[in-house]
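Asker: Contents are mmCIF, C-alpha atoms; file name run.cif:
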```cif
data_query
loop_
_atom_site.label_atom_id
_atom_site.label_comp_id
_atom_site.auth_asym_id
_atom_site.auth_seq_id
_atom_site.Cartn_x
_atom_site.Cartn_y
_atom_site.Cartn_z
CA MET U 975 3.15 11.41 -1.36
CA ALA U 976 4.61 13.78 -3.96
CA VAL U 977 2.10 12.76 -6.64
CA ALA U 978 -0.84 13.74 -4.44
CA ALA U 979 0.81 17.08 -3.68
CA ALA U 980 1.35 17.68 -7.40
CA VAL U 981 -2.29 16.87 -8.26
CA PHE U 982 -3.45 19.07 -5.36
CA THR U 983 -1.32 21.97 -6.61
CA ILE U 984 -2.45 21.54 -10.22
CA ALA U 985 -6.11 21.50 -9.15
CA VAL U 986 -5.81 24.65 -7.04
CA VAL U 987 -3.74 26.56 -9.61
CA LEU U 988 -6.00 25.63 -12.55
CA ASP U 989 -9.11 26.42 -10.55
CA GLN U 990 -7.96 29.80 -9.25
CA THR U 991 -6.40 30.80 -12.59
CA THR U 992 -9.54 30.02 -14.59
CA LYS U 993 -11.67 31.89 -12.06
CA ALA U 994 -9.37 34.92 -12.27
CA VAL U 995 -9.58 34.87 -16.08
CA VAL U 996 -13.38 34.66 -15.96
CA GLU U 997 -13.60 37.53 -13.47
CA SER U 998 -11.28 39.74 -15.50
CA THR U 999 -12.79 39.06 -18.94
CA MET U 1000 -16.51 38.56 -18.29
CA SER U 1001 -19.23 40.46 -16.53
CA LEU U 1002 -21.35 38.76 -13.89
CA GLY U 1003 -24.19 36.86 -15.57
CA GLN U 1004 -22.58 36.97 -19.00
CA LYS U 1005 -22.90 33.81 -21.12
CA ILE U 1006 -20.52 32.99 -23.98
CA PRO U 1007 -21.14 30.00 -26.28
CA VAL U 1008 -18.05 27.79 -26.60
CA ILE U 1009 -19.38 24.71 -28.41
CA ASP U 1010 -22.96 25.73 -29.09
CA PRO U 1011 -25.29 24.31 -27.76
CA VAL U 1012 -23.28 21.84 -25.65
CA LEU U 1013 -20.85 24.06 -23.71
CA SER U 1014 -20.78 27.69 -22.72
CA TRP U 1015 -19.11 29.94 -20.18
CA HIS U 1016 -21.67 31.47 -17.82
CA TYR U 1017 -20.17 33.60 -15.07
CA ILE U 1018 -22.14 33.33 -11.84
CA LEU U 1019 -21.39 33.54 -8.13
CA ASN U 1020 -22.72 30.62 -6.10
CA PRO U 1021 -23.26 31.04 -2.35
CA GLY U 1022 -24.43 27.42 -2.02
CA ALA U 1023 -23.32 23.94 -2.99
CA ALA U 1024 -24.07 22.01 -6.17
CA PHE U 1025 -27.22 23.21 -7.92
CA SER U 1026 -27.16 26.21 -5.50
CA ILE U 1027 -28.36 24.06 -2.61
CA GLY U 1028 -27.99 25.64 0.84
CA THR U 1029 -27.48 29.24 -0.20
CA ASP U 1030 -28.37 30.42 3.31
CA VAL U 1031 -25.78 28.24 5.08
CA THR U 1032 -22.57 29.04 3.20
CA TRP U 1033 -20.54 28.78 6.42
CA ILE U 1034 -21.40 25.05 6.65
CA PHE U 1035 -19.79 24.46 3.26
CA THR U 1036 -16.71 26.36 4.40
CA ILE U 1037 -16.37 24.08 7.43
CA LEU U 1038 -17.03 20.93 5.37
CA GLN U 1039 -14.48 21.87 2.72
CA ALA U 1040 -11.86 22.63 5.35
CA ALA U 1041 -12.62 19.30 7.05
CA VAL U 1042 -12.22 17.44 3.74
CA VAL U 1043 -8.83 19.02 3.09
CA VAL U 1044 -7.61 18.20 6.61
CA TYR U 1045 -9.01 14.64 6.54
CA VAL U 1046 -7.48 13.86 3.15
CA ALA U 1047 -4.14 15.27 4.31
CA THR U 1048 -4.18 12.80 7.22
CA LEU U 1049 -5.10 9.92 4.90
CA LEU U 1050 -2.28 10.74 2.51
CA ARG U 1051 0.27 9.72 5.13
CA LYS U 1052 -0.95 6.13 4.65
CA VAL U 1053 -1.12 6.14 0.84
CA ARG U 1054 1.38 3.90 -0.96
CA HIS U 1055 -0.59 3.37 -4.17
CA LEU U 1056 -0.52 5.74 -7.17
CA PRO U 1057 -4.25 5.62 -8.00
CA TRP U 1058 -5.11 6.54 -4.39
CA ALA U 1059 -2.59 9.41 -4.49
CA LEU U 1060 -4.12 10.73 -7.71
CA ALA U 1061 -7.69 10.44 -6.44
CA LEU U 1062 -7.09 11.93 -3.00
CA GLY U 1063 -4.90 14.71 -4.37
CA GLY U 1064 -7.74 15.65 -6.73
CA VAL U 1065 -10.39 15.58 -4.01
CA ALA U 1066 -8.30 17.76 -1.70
CA GLY U 1067 -7.27 20.13 -4.50
CA GLY U 1068 -10.85 20.62 -5.64
CA ALA U 1069 -12.09 21.16 -2.11
CA ALA U 1070 -9.26 23.65 -1.48
CA GLY U 1071 -10.03 25.56 -4.68
CA ASN U 1072 -13.60 26.21 -3.58
CA LEU U 1073 -12.50 26.75 0.03
CA ILE U 1074 -10.28 29.61 -1.12
CA ASP U 1075 -13.37 31.24 -2.66
CA ARG U 1076 -15.37 30.71 0.55
CA LEU U 1077 -12.64 32.25 2.68
CA PHE U 1078 -11.52 35.20 0.57
CA ARG U 1079 -14.33 36.30 -1.75
CA GLU U 1080 -17.27 38.60 -1.06
CA PRO U 1081 -19.46 38.96 0.84
CA SER U 1082 -17.28 38.05 3.85
CA PHE U 1083 -14.61 35.74 5.26
CA GLY U 1084 -15.95 32.19 5.40
CA MET U 1085 -19.11 33.18 3.55
CA GLY U 1086 -17.62 33.92 0.14
CA HIS U 1087 -19.41 33.01 -3.05
CA VAL U 1088 -17.79 30.48 -5.38
CA VAL U 1089 -17.08 31.52 -8.97
CA ASP U 1090 -18.79 29.11 -11.37
CA PHE U 1091 -18.62 29.37 -15.14
CA ILE U 1092 -18.74 26.00 -16.96
CA ALA U 1093 -22.29 25.52 -18.25
CA LEU U 1094 -23.79 22.45 -19.86
CA PRO U 1095 -27.39 22.31 -21.08
CA ASP U 1096 -29.93 21.43 -18.37
CA PHE U 1097 -27.23 21.05 -15.74
CA ALA U 1098 -25.64 23.08 -12.97
CA VAL U 1099 -23.00 25.71 -13.67
CA PHE U 1100 -19.70 24.55 -12.14
CA ASN U 1101 -15.94 25.19 -12.10
CA VAL U 1102 -12.60 23.39 -12.36
CA ALA U 1103 -12.51 22.60 -8.62
CA ASP U 1104 -15.91 20.91 -8.88
CA SER U 1105 -14.63 18.85 -11.82
CA PHE U 1106 -11.62 17.69 -9.81
CA VAL U 1107 -13.83 16.70 -6.88
CA VAL U 1108 -16.32 14.76 -9.01
CA CYS U 1109 -13.75 12.97 -11.18
CA SER U 1110 -11.58 12.16 -8.17
CA MET U 1111 -14.52 10.85 -6.16
CA ILE U 1112 -15.38 8.55 -9.06
CA GLY U 1113 -11.81 7.26 -8.77
CA VAL U 1114 -12.20 6.83 -4.99
CA CYS U 1115 -15.43 4.88 -5.49
CA LEU U 1116 -13.81 2.61 -8.09
CA LEU U 1117 -10.90 1.90 -5.76
CA ILE U 1118 -13.26 1.13 -2.89
CA PHE U 1119 -15.50 -1.08 -5.05
CA ARG U 1120 -12.44 -3.00 -6.24
CA GLY U 1121 -11.32 -3.45 -2.63
CA VAL U 1122 -8.03 -1.60 -3.07
CA ASN U 1123 -6.52 -0.36 0.18
CA LEU U 1124 -4.48 2.83 0.53
CA ASP U 1125 -1.29 0.78 0.36
CA GLY U 1126 -2.39 -0.99 -2.83
CA SER U 1127 -3.25 -4.31 -1.17
CA ARG U 1128 -6.65 -5.85 -1.82
CA GLU U 1129 -9.47 -6.65 0.59
CA GLY U 1130 -10.15 -10.37 0.92
CA VAL U 1131 -7.03 -11.39 -0.93
CA GLY U 1132 -4.47 -13.36 1.01
CA PRO U 1133 -0.75 -12.72 0.96
CA PRO U 1134 1.12 -13.19 -2.31
CA ALA U 1135 1.92 -16.80 -3.24
CA ASP U 1136 5.58 -16.45 -2.15
CA ASP U 1137 4.48 -15.53 1.38
CA ALA U 1138 1.68 -18.13 1.70
CA PRO U 1139 2.22 -20.77 4.35
CA GLU U 1140 2.91 -24.28 3.17
CA SER U 1141 -0.20 -26.40 2.86
CA GLY U 1142 1.07 -29.51 4.65
CA ARG U 1143 3.35 -30.69 1.86
CA THR U 1144 6.44 -32.53 3.01
CA GLY U 1145 8.45 -32.68 -0.21
CA PRO U 1146 9.94 -30.06 -2.54
#
```
Go ahead and express the file in the form of structure tokens.

Answerer:
Amino acid sequence: MAVAAAVFTIAVVLDQTTKAVVESTMSLGQKIPVIDPVLSWHYILNPGAAFSIGTDVTWIFTILQAAVVVYVATLLRKVRHLPWALALGGVAGGAAGNLIDRLFREPSFGMGHVVDFIALPDFAVFNVADSFVVCSMIGVCLLIFRGVNLDGSREGVGPPADDAPESGRTGP
């Protein structure tokens, strides 16, 4: 679906562009207040996942992110509903943004550290790709909880009234 491809592209471009700006304008470890004390830029390199979990197994995150991108790409062939296209495009785009870091940044191919820079008080430092993944997964959860299928139909809801079989009536 073209919408999913557009969201995917926007996520990857925004993520990689913001990371390039941070790398070219800040020094590693530097912290710049943006809306003090609520938001700051804090340039770090993260070898792990959220909250720096799993810093010794970076290669696992590389495999998982690649698997997410491939899996979502296969799901998108079945999507016929705009909210699903938006949500899945965002998940795949966010995963791809961080996957690019894992594949092409130091220290080595597949083991690269992710550039993080968005800092909130008493929370993890994250990036645009992370934001796309989290917001899109909230959308996925809402769609699942509402019983919306990839084609827009609903779980447990019969066919539309026009397609419902007659209920034994004999007259018009």

Asker: Hey, what's within 12 Å of U:Met1000 if we count all atoms listed in the file and toss same-chain stuff fewer than 3 positions away? As a PDB file with C-alpha atoms, in the coordinates of the input, please?

Answerer:
```
ATOM      1  CA  THR U 992      -9.540  30.020 -14.590  1.00  0.00           C
ATOM      2  CA  LYS U 993     -11.670  31.890 -12.060  1.00  0.00           C
ATOM      3  CA  ALA U 994      -9.370  34.920 -12.270  1.00  0.00           C
ATOM      4  CA  VAL U 995      -9.580  34.870 -16.080  1.00  0.00           C
ATOM      5  CA  VAL U 996     -13.380  34.660 -15.960  1.00  0.00           C
ATOM      6  CA  GLU U 997     -13.600  37.530 -13.470  1.00  0.00           C
ATOM      7  CA  GLY U1003     -24.190  36.860 -15.570  1.00  0.00           C
ATOM      8  CA  GLN U1004     -22.580  36.970 -19.000  1.00  0.00           C
ATOM      9  CA  LYS U1005     -22.900  33.810 -21.120  1.00  0.00           C
ATOM     10  CA  ILE U1006     -20.520  32.990 -23.980  1.00  0.00           C
ATOM     11  CA  TRP U1015     -19.110  29.940 -20.180  1.00  0.00           C
ATOM     12  CA  HIS U1016     -21.670  31.470 -17.820  1.00  0.00           C
ATOM     13  CA  TYR U1017     -20.170  33.600 -15.070  1.00  0.00           C
ATOM     14  CA  ILE U1018     -22.140  33.330 -11.840  1.00  0.00           C
ATOM     15  CA  VAL U1089     -17.080  31.520  -8.970  1.00  0.00           C
ATOM     16  CA  ASP U1090     -18.790  29.110 -11.370  1.00  0.00           C
ATOM     17  CA  PHE U1091     -18.620  29.370 -15.140  1.00  0.00           C
TER      18      PHE U1091
END
```

Asker: Using all atoms listed in the file, which protein or nucleic acid residues come within 8 Å of U:Ser1110? Drop anything in the same chain fewer than 4 positions from it, and give the result as JSON, numbers by chain.

Answerer: {"U": [1060, 1061, 1062, 1064, 1065, 1106, 1114]}

Asker: So which one's closest to U:Phe1100, U:Pro1057, U:Gly1022, U:Pro1007, U:Pro1081? Using all atoms listed in the file, please.

Answerer: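 Of all the options, U:Gly1022 lies closest to U:Phe1100.
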
Asker: U:Val1102, U:Ile1092, U:Val1122, U:Val1042: which is nearest U:Leu988, counting all atoms listed in the file?

Answerer: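 Once distances to U:Leu988 are computed over all atoms listed in the file, the minimum belongs to U:Val1102.
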
Asker: Just say which residues the PyMOL selection byres ((chain U and resi 1073) around 10) picks in this file, as a list in words.

Answerer: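 Selected by the PyMOL selection byres ((chain U and resi 1073) around 10) in this file: Val986, Phe1035, Thr1036, Ile1037, Leu1038, Gln1039, Ala1040, Val1043, Gly1067, Gly1068, Ala1069, Ala1070, Gly1071, Asn1072, Ile1074, Asp1075, Arg1076, Leu1077, Phe1078, Arg1079, Gly1084, Met1085, Gly1086, His1087, Val1088 and Ala1103 of chain U.
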
Asker: Please report the interatomic distance between atom CA of U:Ala978 and atom CA of U:Leu1050 in Å with one decimal.

Answerer: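 These atoms are spaced 7.7 Å apart.
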
Asker: May I ask for the distance between atom CA of U:Asn1101 and atom CA of U:Arg1120, given in Å to one decimal place?

Answerer: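 Here the two named atoms are 29.0 Å from each other.
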
Asker: For each of U:Val981, U:Leu1056, U:Val1031, U:Ala1041, take the minimum atom-to-atom distance to U:Leu1124, counting only C-alpha atoms, then give the residue where this is smallest.

Answerer: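 Counting only C-alpha atoms, the residue closest to U:Leu1124 is U:Leu1056.
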
Asker: Need to verify the contact set: U:Ala1059, 7 Å, all atoms listed in the file, exclusion of same-chain residues closer than 4 positions in sequence. Can you return it as a list in words?

Answerer: Met975, Val977, Ala978, Val1053, His1055 and Gly1063 of chain U

Asker: Build an axis-aligned box that encloses every atom of stretch 988-999 of chain U listed in the file, pad it by 6 Å on each side, and report its centre and edge lengths in Å to one decimal, as lines of an AutoDock Vina configuration file.

Answerer:
```
center_x = -9.8
center_y = 32.7
center_z = -14.1
size_x = 19.6
size_y = 26.1
size_z = 21.7
```

Asker: Quick one: pull the distance between atom CA of U:Ser1014 and atom CA of U:Val1099, Å, one decimal.

Answerer: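 Computed distance, atom CA of U:Ser1014 to atom CA of U:Val1099, equals 9.5 Å.
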
Asker: Between U:Ala1047, U:Ile984, U:Leu1019, U:Ile1118, which is the closest to U:Glu1080 once you count only C-alpha atoms?

Answerer: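 Using only C-alpha atoms, U:Glu1080 sits closest to U:Leu1019.
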
Asker: Here is a test: counting only C-alpha atoms, which residue of U:Ile1034, U:Ala985, U:Leu1049, U:Leu1013 is nearest to U:Val1107?

Answerer: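 Checking each candidate against U:Val1107, we get U:Ala985 as the closest.
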
Asker: So which one's closest to U:Tyr1045, U:Leu1117, U:Ser1082, U:Leu1094, U:Ala1066? Using only C-alpha atoms, please.

Answerer: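 Distance minimum relative to U:Tyr1045 lands on U:Ala1066.
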